[in-house]
Number of protein chains: 2
Amino acid sequence: MRRDIFQAIADPTRRAIIALIALQAMTPNAIADHFESSRQAVSKHLKILTECELIQQEQKGREIFYKLEVEKMKEIDIWLEQFRKIWESRFEQLDALLFTLKNTKK
Amino acid sequence: MRRDIFQAIADPTRRAIIALIALQAMTPNAIADHFESSRQAVSKHLKILTECELIQQEQKGREIFYKLEVEKMKEIDIWLEQFRKIWESRFEQLDALLFTLKNTKK
DNA sequence: ATTTTGAGAAACCAATTGGTTGCATATATA
DNA sequence: TATATATGCAACCAATTGGTTTCTCAAAAT
């Protein structure tokens, strides 16, 4: 069952977890405190995020800190790149149009 | 049942459809020709993409052309922004470190 | 006018998902 | 040493998902 980053970020709770631990690593219990759902539900989300290497574990005694592998997020950025090209070129086209209008007005 | 862009791009077929019609609008049949699955399956994907306003319909006779609303993709870009800040600041930190090493070496 | 074609809608189905509860295990703490 | 705490794992469950087949309707083509 191949995990995929796009599937991982599809769930809103998972996106919230990612944002939560983006700045500092946290334990499952600490993370679960921020949500309605149970620790086990959060743990399942953490498992999915770990499987697609979006987060990493760091064991400290009996606690496990989960930290975001922010580099992995670049994969989404790379996928977006193709569309960014399109919306930017449209913007340039609009820009060129405005320039033409401005100059023909004189 | 609130549709969400992150859920929409979670499915690989849907991502492929998005990429396919990014440059030119296409009919369901034309799109389905590019995939293994049936036209009905593709139509369901198109429905989901329409519901979250990632694509738009243009009726021409009995044909319906689906075109990408590329602006909508910016929503993902905006969400990514917070993480881009983090990975860029890390890069700057690394940059600063390399700079320090280089200068202390002398 | 009849037939073919493009497409949405509905009914159905197996697989997956997000969640729960209960249990097992290892590490702290009393 | 006995107890409390942190966590993972497995079994189970209802809801959702991605898919199929069948049906209907409207627009072209014959």
# chains A, B, ... in the order shown; residues from 1 in each chain; ligands from 1
>>> interface_residues(of="chain B", to="chain C", cutoff="8 Å", atoms="only C-alpha atoms (C1' of nucleotides)", output="PyMOL selection string")
chain B and resi 28-29+62-64
>>> select_by_dssp(residues="chain A", states="helix (DSSP H, G or I)", output="PyMOL selection string")
chain A and resi 5-8+12-21+28-32+39-51+70-105
>>> interface_residues(of="chain A", to="chain B", cutoff="6 Å", atoms="only C-alpha atoms", output="list in words")
Phe6, Gln7 and Ala10 of chain A
>>> write_last_selection(atoms="N, CA and C atoms", output="PDB file, in the first residue's frame")
ATOM      1  N   PHE A   6       0.297  13.486  -1.361  1.00  0.00           N
ATOM      2  CA  PHE A   6      -0.942  14.181  -1.686  1.00  0.00           C
ATOM      3  C   PHE A   6      -2.125  13.595  -0.920  1.00  0.00           C
ATOM      4  N   GLN A   7      -2.049  12.298  -0.721  1.00  0.00           N
ATOM      5  CA  GLN A   7      -3.086  11.644   0.063  1.00  0.00           C
ATOM      6  C   GLN A   7      -2.924  12.025   1.531  1.00  0.00           C
ATOM      7  N   ALA A  10      -4.439  15.331   2.375  1.00  0.00           N
ATOM      8  CA  ALA A  10      -5.855  15.453   2.030  1.00  0.00           C
ATOM      9  C   ALA A  10      -6.723  15.631   3.270  1.00  0.00           C
TER      10      ALA A  10
END
>>> calpha_fit_and_write(fixed="chain B", moving="chain A", output="JSON list (two decimals) with N, CA and C atoms, in the first residue's frame")
[["chain", "number", "residue", "atom", "x", "y", "z"],
["A", 1, "MET", "N", -21.99, 18.15, 2.04],
["A", 1, "MET", "CA", -20.67, 17.53, 1.87],
["A", 1, "MET", "C", -19.69, 18.51, 1.22],
["A", 2, "ARG", "N", -19.01, 19.23, 2.05],
["A", 2, "ARG", "CA", -18.10, 20.27, 1.60],
["A", 2, "ARG", "C", -16.90, 19.69, 0.86],
["A", 3, "ARG", "N", -16.71, 20.07, -0.39],
["A", 3, "ARG", "CA", -15.54, 19.61, -1.15],
["A", 3, "ARG", "C", -14.36, 20.53, -0.88],
["A", 4, "ASP", "N", -13.20, 19.96, -0.98],
["A", 4, "ASP", "CA", -12.00, 20.67, -0.58],
["A", 4, "ASP", "C", -10.90, 20.35, -1.61],
["A", 5, "ILE", "N", -10.14, 21.34, -1.96],
["A", 5, "ILE", "CA", -9.14, 21.18, -3.02],
["A", 5, "ILE", "C", -8.08, 20.14, -2.67],
["A", 6, "PHE", "N", -7.75, 20.02, -1.39],
["A", 6, "PHE", "CA", -6.73, 19.06, -0.98],
["A", 6, "PHE", "C", -7.22, 17.62, -1.17],
["A", 7, "GLN", "N", -8.51, 17.46, -0.94],
["A", 7, "GLN", "CA", -9.10, 16.14, -1.16],
["A", 7, "GLN", "C", -9.17, 15.86, -2.65],
["A", 8, "ALA", "N", -9.44, 16.90, -3.41],
["A", 8, "ALA", "CA", -9.58, 16.76, -4.86],
["A", 8, "ALA", "C", -8.27, 16.28, -5.50],
["A", 9, "ILE", "N", -7.15, 16.81, -5.05],
["A", 9, "ILE", "CA", -5.88, 16.44, -5.67],
["A", 9, "ILE", "C", -5.27, 15.19, -5.05],
["A", 10, "ALA", "N", -5.97, 14.60, -4.09],
["A", 10, "ALA", "CA", -5.44, 13.41, -3.43],
["A", 10, "ALA", "C", -5.41, 12.21, -4.38],
["A", 11, "ASP", "N", -6.38, 12.16, -5.27],
["A", 11, "ASP", "CA", -6.46, 11.02, -6.18],
["A", 11, "ASP", "C", -5.54, 11.20, -7.40],
["A", 12, "PRO", "N", -4.71, 10.19, -7.70],
["A", 12, "PRO", "CA", -3.75, 10.31, -8.81],
["A", 12, "PRO", "C", -4.43, 10.51, -10.17],
["A", 13, "THR", "N", -5.55, 9.86, -10.39],
["A", 13, "THR", "CA", -6.27, 10.05, -11.66],
["A", 13, "THR", "C", -6.71, 11.50, -11.79],
["A", 14, "ARG", "N", -7.19, 12.06, -10.67],
["A", 14, "ARG", "CA", -7.64, 13.46, -10.70],
["A", 14, "ARG", "C", -6.46, 14.39, -10.98],
["A", 15, "ARG", "N", -5.31, 14.10, -10.40],
["A", 15, "ARG", "CA", -4.14, 14.94, -10.68],
["A", 15, "ARG", "C", -3.77, 14.84, -12.15],
["A", 16, "ALA", "N", -3.89, 13.63, -12.71],
["A", 16, "ALA", "CA", -3.56, 13.44, -14.13],
["A", 16, "ALA", "C", -4.54, 14.22, -15.00],
["A", 17, "ILE", "N", -5.81, 14.21, -14.63],
["A", 17, "ILE", "CA", -6.82, 14.96, -15.39],
["A", 17, "ILE", "C", -6.49, 16.44, -15.37],
["A", 18, "ILE", "N", -6.17, 16.94, -14.20],
["A", 18, "ILE", "CA", -5.83, 18.35, -14.05],
["A", 18, "ILE", "C", -4.66, 18.72, -14.96],
["A", 19, "ALA", "N", -3.63, 17.90, -14.94],
["A", 19, "ALA", "CA", -2.45, 18.17, -15.78],
["A", 19, "ALA", "C", -2.82, 18.10, -17.26],
["A", 20, "LEU", "N", -3.71, 17.17, -17.58],
["A", 20, "LEU", "CA", -4.10, 16.96, -18.98],
["A", 20, "LEU", "C", -4.84, 18.15, -19.57],
["A", 21, "ILE", "N", -5.76, 18.70, -18.78],
["A", 21, "ILE", "CA", -6.57, 19.81, -19.32],
["A", 21, "ILE", "C", -5.99, 21.17, -18.97],
["A", 22, "ALA", "N", -4.80, 21.16, -18.38],
["A", 22, "ALA", "CA", -4.20, 22.43, -17.96],
["A", 22, "ALA", "C", -3.96, 23.35, -19.16],
["A", 23, "LEU", "N", -3.57, 22.76, -20.28],
["A", 23, "LEU", "CA", -3.21, 23.58, -21.43],
["A", 23, "LEU", "C", -4.36, 23.81, -22.40],
["A", 24, "GLN", "N", -5.28, 22.82, -22.48],
["A", 24, "GLN", "CA", -6.46, 23.05, -23.31],
["A", 24, "GLN", "C", -7.65, 22.28, -22.80],
["A", 25, "ALA", "N", -8.82, 22.89, -22.88],
["A", 25, "ALA", "CA", -10.06, 22.29, -22.41],
["A", 25, "ALA", "C", -10.36, 21.04, -23.22],
["A", 26, "MET", "N", -10.98, 20.06, -22.56],
["A", 26, "MET", "CA", -11.31, 18.80, -23.23],
["A", 26, "MET", "C", -12.68, 18.28, -22.80],
["A", 27, "THR", "N", -13.25, 17.42, -23.64],
["A", 27, "THR", "CA", -14.53, 16.79, -23.31],
["A", 27, "THR", "C", -14.28, 15.54, -22.47],
["A", 28, "PRO", "N", -15.28, 15.09, -21.72],
["A", 28, "PRO", "CA", -15.15, 13.88, -20.90],
["A", 28, "PRO", "C", -14.66, 12.69, -21.71],
["A", 29, "ASN", "N", -15.22, 12.50, -22.89],
["A", 29, "ASN", "CA", -14.81, 11.37, -23.73],
["A", 29, "ASN", "C", -13.33, 11.46, -24.10],
["A", 30, "ALA", "N", -12.92, 12.64, -24.51],
["A", 30, "ALA", "CA", -11.52, 12.83, -24.89],
["A", 30, "ALA", "C", -10.60, 12.57, -23.70],
["A", 31, "ILE", "N", -11.03, 13.02, -22.54],
["A", 31, "ILE", "CA", -10.23, 12.81, -21.33],
["A", 31, "ILE", "C", -10.16, 11.32, -21.00],
["A", 32, "ALA", "N", -11.33, 10.66, -21.05],
["A", 32, "ALA", "CA", -11.39, 9.24, -20.70],
["A", 32, "ALA", "C", -10.50, 8.39, -21.61],
["A", 33, "ASP", "N", -10.31, 8.84, -22.84],
["A", 33, "ASP", "CA", -9.44, 8.11, -23.77],
["A", 33, "ASP", "C", -8.01, 7.98, -23.25],
["A", 34, "HIS", "N", -7.62, 8.91, -22.38],
["A", 34, "HIS", "CA", -6.26, 8.89, -21.84],
["A", 34, "HIS", "C", -6.10, 7.97, -20.64],
["A", 35, "PHE", "N", -7.20, 7.38, -20.19],
["A", 35, "PHE", "CA", -7.11, 6.55, -18.99],
["A", 35, "PHE", "C", -7.66, 5.15, -19.19],
["A", 36, "GLU", "N", -7.32, 4.29, -18.24],
["A", 36, "GLU", "CA", -7.81, 2.92, -18.24],
["A", 36, "GLU", "C", -9.30, 2.90, -17.91],
["A", 37, "SER", "N", -9.67, 3.71, -16.93],
["A", 37, "SER", "CA", -11.04, 3.65, -16.40],
["A", 37, "SER", "C", -12.08, 4.17, -17.38],
["A", 38, "SER", "N", -13.31, 3.83, -17.09],
["A", 38, "SER", "CA", -14.45, 4.16, -17.96],
["A", 38, "SER", "C", -14.74, 5.66, -17.99],
["A", 39, "ARG", "N", -15.57, 6.05, -18.98],
["A", 39, "ARG", "CA", -15.98, 7.45, -19.07],
["A", 39, "ARG", "C", -16.73, 7.87, -17.81],
["A", 40, "GLN", "N", -17.58, 6.97, -17.30],
["A", 40, "GLN", "CA", -18.36, 7.32, -16.11],
["A", 40, "GLN", "C", -17.47, 7.59, -14.91],
["A", 41, "ALA", "N", -16.43, 6.79, -14.78],
["A", 41, "ALA", "CA", -15.49, 7.01, -13.67],
["A", 41, "ALA", "C", -14.84, 8.38, -13.82],
["A", 42, "VAL", "N", -14.42, 8.69, -15.04],
["A", 42, "VAL", "CA", -13.81, 10.00, -15.30],
["A", 42, "VAL", "C", -14.82, 11.11, -15.01],
["A", 43, "SER", "N", -16.05, 10.90, -15.42],
["A", 43, "SER", "CA", -17.10, 11.90, -15.19],
["A", 43, "SER", "C", -17.29, 12.19, -13.70],
["A", 44, "LYS", "N", -17.18, 11.13, -12.90],
["A", 44, "LYS", "CA", -17.30, 11.32, -11.45],
["A", 44, "LYS", "C", -16.16, 12.19, -10.94],
["A", 45, "HIS", "N", -14.97, 11.94, -11.47],
["A", 45, "HIS", "CA", -13.82, 12.77, -11.07],
["A", 45, "HIS", "C", -14.06, 14.22, -11.48],
["A", 46, "LEU", "N", -14.59, 14.40, -12.69],
["A", 46, "LEU", "CA", -14.86, 15.75, -13.18],
["A", 46, "LEU", "C", -15.88, 16.45, -12.29],
["A", 47, "LYS", "N", -16.82, 15.67, -11.80],
["A", 47, "LYS", "CA", -17.86, 16.24, -10.92],
["A", 47, "LYS", "C", -17.22, 16.77, -9.63],
["A", 48, "ILE", "N", -16.35, 15.94, -9.07],
["A", 48, "ILE", "CA", -15.67, 16.34, -7.84],
["A", 48, "ILE", "C", -14.81, 17.58, -8.07],
["A", 49, "LEU", "N", -14.08, 17.60, -9.18],
["A", 49, "LEU", "CA", -13.24, 18.75, -9.50],
["A", 49, "LEU", "C", -14.08, 20.00, -9.72],
["A", 50, "THR", "N", -15.26, 19.82, -10.31],
["A", 50, "THR", "CA", -16.16, 20.95, -10.54],
["A", 50, "THR", "C", -16.70, 21.48, -9.21],
["A", 51, "GLU", "N", -17.09, 20.56, -8.33],
["A", 51, "GLU", "CA", -17.65, 20.95, -7.04],
["A", 51, "GLU", "C", -16.71, 21.83, -6.23],
["A", 52, "CYS", "N", -15.43, 21.57, -6.33],
["A", 52, "CYS", "CA", -14.50, 22.41, -5.58],
["A", 52, "CYS", "C", -13.89, 23.49, -6.47],
["A", 53, "GLU", "N", -14.55, 23.73, -7.59],
["A", 53, "GLU", "CA", -14.23, 24.86, -8.49],
["A", 53, "GLU", "C", -12.80, 24.83, -9.04],
["A", 54, "LEU", "N", -12.27, 23.62, -9.18],
["A", 54, "LEU", "CA", -10.94, 23.50, -9.79],
["A", 54, "LEU", "C", -11.05, 23.51, -11.31],
["A", 55, "ILE", "N", -12.21, 23.11, -11.82],
["A", 55, "ILE", "CA", -12.44, 23.14, -13.26],
["A", 55, "ILE", "C", -13.80, 23.78, -13.56],
["A", 56, "GLN", "N", -13.98, 24.18, -14.80],
["A", 56, "GLN", "CA", -15.24, 24.79, -15.22],
["A", 56, "GLN", "C", -15.72, 24.18, -16.52],
["A", 57, "GLN", "N", -17.04, 24.18, -16.70],
["A", 57, "GLN", "CA", -17.62, 23.60, -17.91],
["A", 57, "GLN", "C", -17.89, 24.68, -18.95],
["A", 58, "GLU", "N", -17.78, 24.26, -20.21],
["A", 58, "GLU", "CA", -18.17, 25.13, -21.31],
["A", 58, "GLU", "C", -18.93, 24.28, -22.32],
["A", 59, "GLN", "N", -20.22, 24.49, -22.39],
["A", 59, "GLN", "CA", -21.05, 23.68, -23.29],
["A", 59, "GLN", "C", -20.90, 24.18, -24.72],
["A", 60, "LYS", "N", -20.71, 23.21, -25.63],
["A", 60, "LYS", "CA", -20.67, 23.55, -27.06],
["A", 60, "LYS", "C", -21.47, 22.49, -27.78],
["A", 61, "GLY", "N", -22.71, 22.80, -28.11],
["A", 61, "GLY", "CA", -23.59, 21.82, -28.70],
["A", 61, "GLY", "C", -23.83, 20.71, -27.70],
["A", 62, "ARG", "N", -23.62, 19.48, -28.11],
["A", 62, "ARG", "CA", -23.84, 18.39, -27.15],
["A", 62, "ARG", "C", -22.57, 18.04, -26.41],
["A", 63, "GLU", "N", -21.50, 18.70, -26.75],
["A", 63, "GLU", "CA", -20.25, 18.46, -26.05],
["A", 63, "GLU", "C", -20.05, 19.44, -24.90],
["A", 64, "ILE", "N", -19.35, 18.97, -23.88],
["A", 64, "ILE", "CA", -19.03, 19.84, -22.76],
["A", 64, "ILE", "C", -17.52, 19.84, -22.59],
["A", 65, "PHE", "N", -16.93, 21.00, -22.71],
["A", 65, "PHE", "CA", -15.48, 21.11, -22.52],
["A", 65, "PHE", "C", -15.19, 21.51, -21.08],
["A", 66, "TYR", "N", -14.25, 20.79, -20.50],
["A", 66, "TYR", "CA", -13.84, 21.11, -19.13],
["A", 66, "TYR", "C", -12.49, 21.80, -19.19],
["A", 67, "LYS", "N", -12.41, 22.94, -18.52],
["A", 67, "LYS", "CA", -11.13, 23.66, -18.50],
["A", 67, "LYS", "C", -10.67, 23.91, -17.06],
["A", 68, "LEU", "N", -9.38, 23.92, -16.89],
["A", 68, "LEU", "CA", -8.81, 24.11, -15.56],
["A", 68, "LEU", "C", -8.93, 25.56, -15.11],
["A", 69, "GLU", "N", -9.35, 25.74, -13.87],
["A", 69, "GLU", "CA", -9.34, 27.07, -13.25],
["A", 69, "GLU", "C", -8.02, 27.20, -12.52],
["A", 70, "VAL", "N", -6.99, 27.55, -13.26],
["A", 70, "VAL", "CA", -5.63, 27.47, -12.72],
["A", 70, "VAL", "C", -5.43, 28.37, -11.49],
["A", 71, "GLU", "N", -6.20, 29.42, -11.42],
["A", 71, "GLU", "CA", -6.10, 30.34, -10.28],
["A", 71, "GLU", "C", -6.37, 29.61, -8.95],
["A", 72, "LYS", "N", -7.29, 28.65, -9.03],
["A", 72, "LYS", "CA", -7.68, 27.91, -7.83],
["A", 72, "LYS", "C", -6.49, 27.16, -7.22],
["A", 73, "MET", "N", -5.55, 26.78, -8.07],
["A", 73, "MET", "CA", -4.37, 26.05, -7.60],
["A", 73, "MET", "C", -3.54, 26.90, -6.64],
["A", 74, "LYS", "N", -3.74, 28.20, -6.72],
["A", 74, "LYS", "CA", -2.99, 29.08, -5.83],
["A", 74, "LYS", "C", -3.30, 28.80, -4.36],
["A", 75, "GLU", "N", -4.48, 28.24, -4.11],
["A", 75, "GLU", "CA", -4.84, 27.94, -2.72],
["A", 75, "GLU", "C", -3.83, 26.98, -2.09],
["A", 76, "ILE", "N", -3.35, 26.04, -2.90],
["A", 76, "ILE", "CA", -2.35, 25.11, -2.40],
["A", 76, "ILE", "C", -1.04, 25.86, -2.16],
["A", 77, "ASP", "N", -0.74, 26.71, -3.10],
["A", 77, "ASP", "CA", 0.48, 27.52, -3.00],
["A", 77, "ASP", "C", 0.48, 28.34, -1.73],
["A", 78, "ILE", "N", -0.68, 28.92, -1.41],
["A", 78, "ILE", "CA", -0.81, 29.75, -0.21],
["A", 78, "ILE", "C", -0.59, 28.90, 1.04],
["A", 79, "TRP", "N", -1.16, 27.70, 1.04],
["A", 79, "TRP", "CA", -1.00, 26.82, 2.19],
["A", 79, "TRP", "C", 0.47, 26.43, 2.35],
["A", 80, "LEU", "N", 1.13, 26.20, 1.23],
["A", 80, "LEU", "CA", 2.54, 25.80, 1.25],
["A", 80, "LEU", "C", 3.44, 26.91, 1.79],
["A", 81, "GLU", "N", 2.99, 28.14, 1.62],
["A", 81, "GLU", "CA", 3.80, 29.31, 1.96],
["A", 81, "GLU", "C", 4.41, 29.21, 3.36],
["A", 82, "GLN", "N", 3.60, 28.81, 4.35],
["A", 82, "GLN", "CA", 4.10, 28.72, 5.73],
["A", 82, "GLN", "C", 5.29, 27.77, 5.86],
["A", 83, "PHE", "N", 5.28, 26.69, 5.05],
["A", 83, "PHE", "CA", 6.37, 25.72, 5.15],
["A", 83, "PHE", "C", 7.57, 26.17, 4.32],
["A", 84, "ARG", "N", 7.26, 26.85, 3.24],
["A", 84, "ARG", "CA", 8.33, 27.40, 2.41],
["A", 84, "ARG", "C", 9.19, 28.33, 3.25],
["A", 85, "LYS", "N", 8.53, 29.10, 4.09],
["A", 85, "LYS", "CA", 9.26, 30.00, 5.00],
["A", 85, "LYS", "C", 10.24, 29.20, 5.85],
["A", 86, "ILE", "N", 9.78, 28.07, 6.36],
["A", 86, "ILE", "CA", 10.63, 27.27, 7.23],
["A", 86, "ILE", "C", 11.81, 26.69, 6.47],
["A", 87, "TRP", "N", 11.55, 26.08, 5.30],
["A", 87, "TRP", "CA", 12.69, 25.46, 4.60],
["A", 87, "TRP", "C", 13.64, 26.49, 4.03],
["A", 88, "GLU", "N", 13.11, 27.67, 3.74],
["A", 88, "GLU", "CA", 14.01, 28.72, 3.26],
["A", 88, "GLU", "C", 14.87, 29.27, 4.38],
["A", 89, "SER", "N", 14.29, 29.42, 5.56],
["A", 89, "SER", "CA", 15.06, 29.94, 6.69],
["A", 89, "SER", "C", 16.15, 28.94, 7.06],
["A", 90, "ARG", "N", 15.84, 27.64, 6.93],
["A", 90, "ARG", "CA", 16.86, 26.62, 7.21],
["A", 90, "ARG", "C", 18.00, 26.74, 6.21],
["A", 91, "PHE", "N", 17.64, 27.01, 4.99],
["A", 91, "PHE", "CA", 18.63, 27.16, 3.94],
["A", 91, "PHE", "C", 19.53, 28.36, 4.23],
["A", 92, "GLU", "N", 18.89, 29.44, 4.69],
["A", 92, "GLU", "CA", 19.67, 30.63, 5.05],
["A", 92, "GLU", "C", 20.61, 30.36, 6.21],
["A", 93, "GLN", "N", 20.10, 29.56, 7.17],
["A", 93, "GLN", "CA", 20.94, 29.20, 8.31],
["A", 93, "GLN", "C", 22.17, 28.43, 7.85],
["A", 94, "LEU", "N", 21.95, 27.49, 6.94],
["A", 94, "LEU", "CA", 23.05, 26.70, 6.39],
["A", 94, "LEU", "C", 24.02, 27.61, 5.66],
["A", 95, "ASP", "N", 23.43, 28.54, 4.92],
["A", 95, "ASP", "CA", 24.21, 29.51, 4.16],
["A", 95, "ASP", "C", 25.11, 30.32, 5.10],
["A", 96, "ALA", "N", 24.52, 30.76, 6.20],
["A", 96, "ALA", "CA", 25.26, 31.55, 7.18],
["A", 96, "ALA", "C", 26.39, 30.73, 7.79],
["A", 97, "LEU", "N", 26.10, 29.45, 8.05],
["A", 97, "LEU", "CA", 27.09, 28.55, 8.62],
["A", 97, "LEU", "C", 28.28, 28.39, 7.68],
["A", 98, "LEU", "N", 27.96, 28.16, 6.42],
["A", 98, "LEU", "CA", 29.02, 27.99, 5.43],
["A", 98, "LEU", "C", 29.87, 29.25, 5.32],
["A", 99, "PHE", "N", 29.19, 30.39, 5.39],
["A", 99, "PHE", "CA", 29.90, 31.67, 5.31],
["A", 99, "PHE", "C", 30.87, 31.80, 6.48],
["A", 100, "THR", "N", 30.39, 31.44, 7.69],
["A", 100, "THR", "CA", 31.22, 31.51, 8.88],
["A", 100, "THR", "C", 32.44, 30.58, 8.75],
["A", 101, "LEU", "N", 32.19, 29.35, 8.33],
["A", 101, "LEU", "CA", 33.26, 28.38, 8.17],
["A", 101, "LEU", "C", 34.32, 28.90, 7.21],
["A", 102, "LYS", "N", 33.86, 29.44, 6.12],
["A", 102, "LYS", "CA", 34.75, 29.93, 5.06],
["A", 102, "LYS", "C", 35.65, 31.05, 5.59],
["A", 103, "ASN", "N", 35.04, 31.93, 6.42],
["A", 103, "ASN", "CA", 35.78, 33.09, 6.92],
["A", 103, "ASN", "C", 36.71, 32.77, 8.09],
["A", 104, "THR", "N", 36.32, 31.78, 8.91],
["A", 104, "THR", "CA", 37.18, 31.42, 10.04],
["A", 104, "THR", "C", 38.37, 30.59, 9.59],
["A", 105, "LYS", "N", 38.27, 30.04, 8.40],
["A", 105, "LYS", "CA", 39.33, 29.20, 7.87],
["A", 105, "LYS", "C", 40.61, 29.99, 7.59],
["A", 106, "LYS", "N", 40.41, 31.18, 7.14],
["A", 106, "LYS", "CA", 41.56, 32.02, 6.77],
["A", 106, "LYS", "C", 42.51, 32.25, 7.94]]
>>> closest_atom_pairs(of="chain D", to="chain A", cutoff="10 Å", atoms="only C-alpha atoms (C1' of nucleotides)", output="tab-separated table")
residue	atom	partner	partner_atom	distance
D:DT5	C1'	A:Arg62	CA	9.0
D:DA6	C1'	A:Arg62	CA	6.0
D:DT7	C1'	A:Glu63	CA	7.5
D:DG8	C1'	A:Ser43	CA	8.5
>>> write_last_selection(atoms="C-alpha atoms (C1' of nucleotides)", output="compact mmCIF listing (two decimals), in the first residue's frame")
# COMPACT_ATOMS: atom_id res chain seq x y z
C1' DT D 5 2.22 6.99 32.23
C1' DA D 6 3.41 7.04 27.13
C1' DT D 7 2.89 4.70 23.27
C1' DG D 8 2.02 1.23 19.65
>>> select_by_dssp(residues="region 19-80 of chain A", states="strand (DSSP E or B)", output="PyMOL selection string")
chain A and resi 26+55-60+63-68
>>> write_last_selection(atoms="C-alpha atoms", output="PDB file, in the first residue's frame")
ATOM      1  CA  MET A  26       5.887  17.133  19.771  1.00  0.00           C
ATOM      2  CA  ILE A  55       7.496  13.385   9.630  1.00  0.00           C
ATOM      3  CA  GLN A  56      10.209  11.621  11.621  1.00  0.00           C
ATOM      4  CA  GLN A  57      10.358  10.115  15.087  1.00  0.00           C
ATOM      5  CA  GLU A  58      12.838  10.909  17.818  1.00  0.00           C
ATOM      6  CA  GLN A  59      12.670   8.671  20.856  1.00  0.00           C
ATOM      7  CA  LYS A  60      13.478  10.247  24.217  1.00  0.00           C
ATOM      8  CA  GLU A  63       8.350   9.647  24.856  1.00  0.00           C
ATOM      9  CA  ILE A  64       8.474   9.893  21.092  1.00  0.00           C
ATOM     10  CA  PHE A  65       8.802  13.298  19.505  1.00  0.00           C
ATOM     11  CA  TYR A  66       7.504  13.730  15.994  1.00  0.00           C
ATOM     12  CA  LYS A  67       9.108  16.387  13.849  1.00  0.00           C
ATOM     13  CA  LEU A  68       8.213  17.660  10.413  1.00  0.00           C
TER      14      LEU A  68
END
>>> decode(residues="region 41-60 of chain A", atoms="C-alpha atoms", output="CSV table (one decimal), in the first residue's frame")
chain,number,residue,atom,x,y,z
A,41,ALA,CA,-6.8,8.6,16.1
A,42,VAL,CA,-3.9,11.0,16.2
A,43,SER,CA,-1.4,8.2,16.3
A,44,LYS,CA,-3.0,6.7,13.2
A,45,HIS,CA,-2.5,10.0,11.4
A,46,LEU,CA,1.1,10.1,12.6
A,47,LYS,CA,1.6,6.6,11.2
A,48,ILE,CA,0.4,7.7,7.8
A,49,LEU,CA,2.5,10.8,7.9
A,50,THR,CA,5.6,8.7,8.9
A,51,GLU,CA,4.9,6.2,6.1
A,52,CYS,CA,5.2,8.8,3.5
A,53,GLU,CA,8.2,10.4,5.2
A,54,LEU,CA,6.6,13.7,6.0
A,55,ILE,CA,7.5,13.4,9.6
A,56,GLN,CA,10.2,11.6,11.6
A,57,GLN,CA,10.4,10.1,15.1
A,58,GLU,CA,12.8,10.9,17.8
A,59,GLN,CA,12.7,8.7,20.9
A,60,LYS,CA,13.5,10.2,24.2
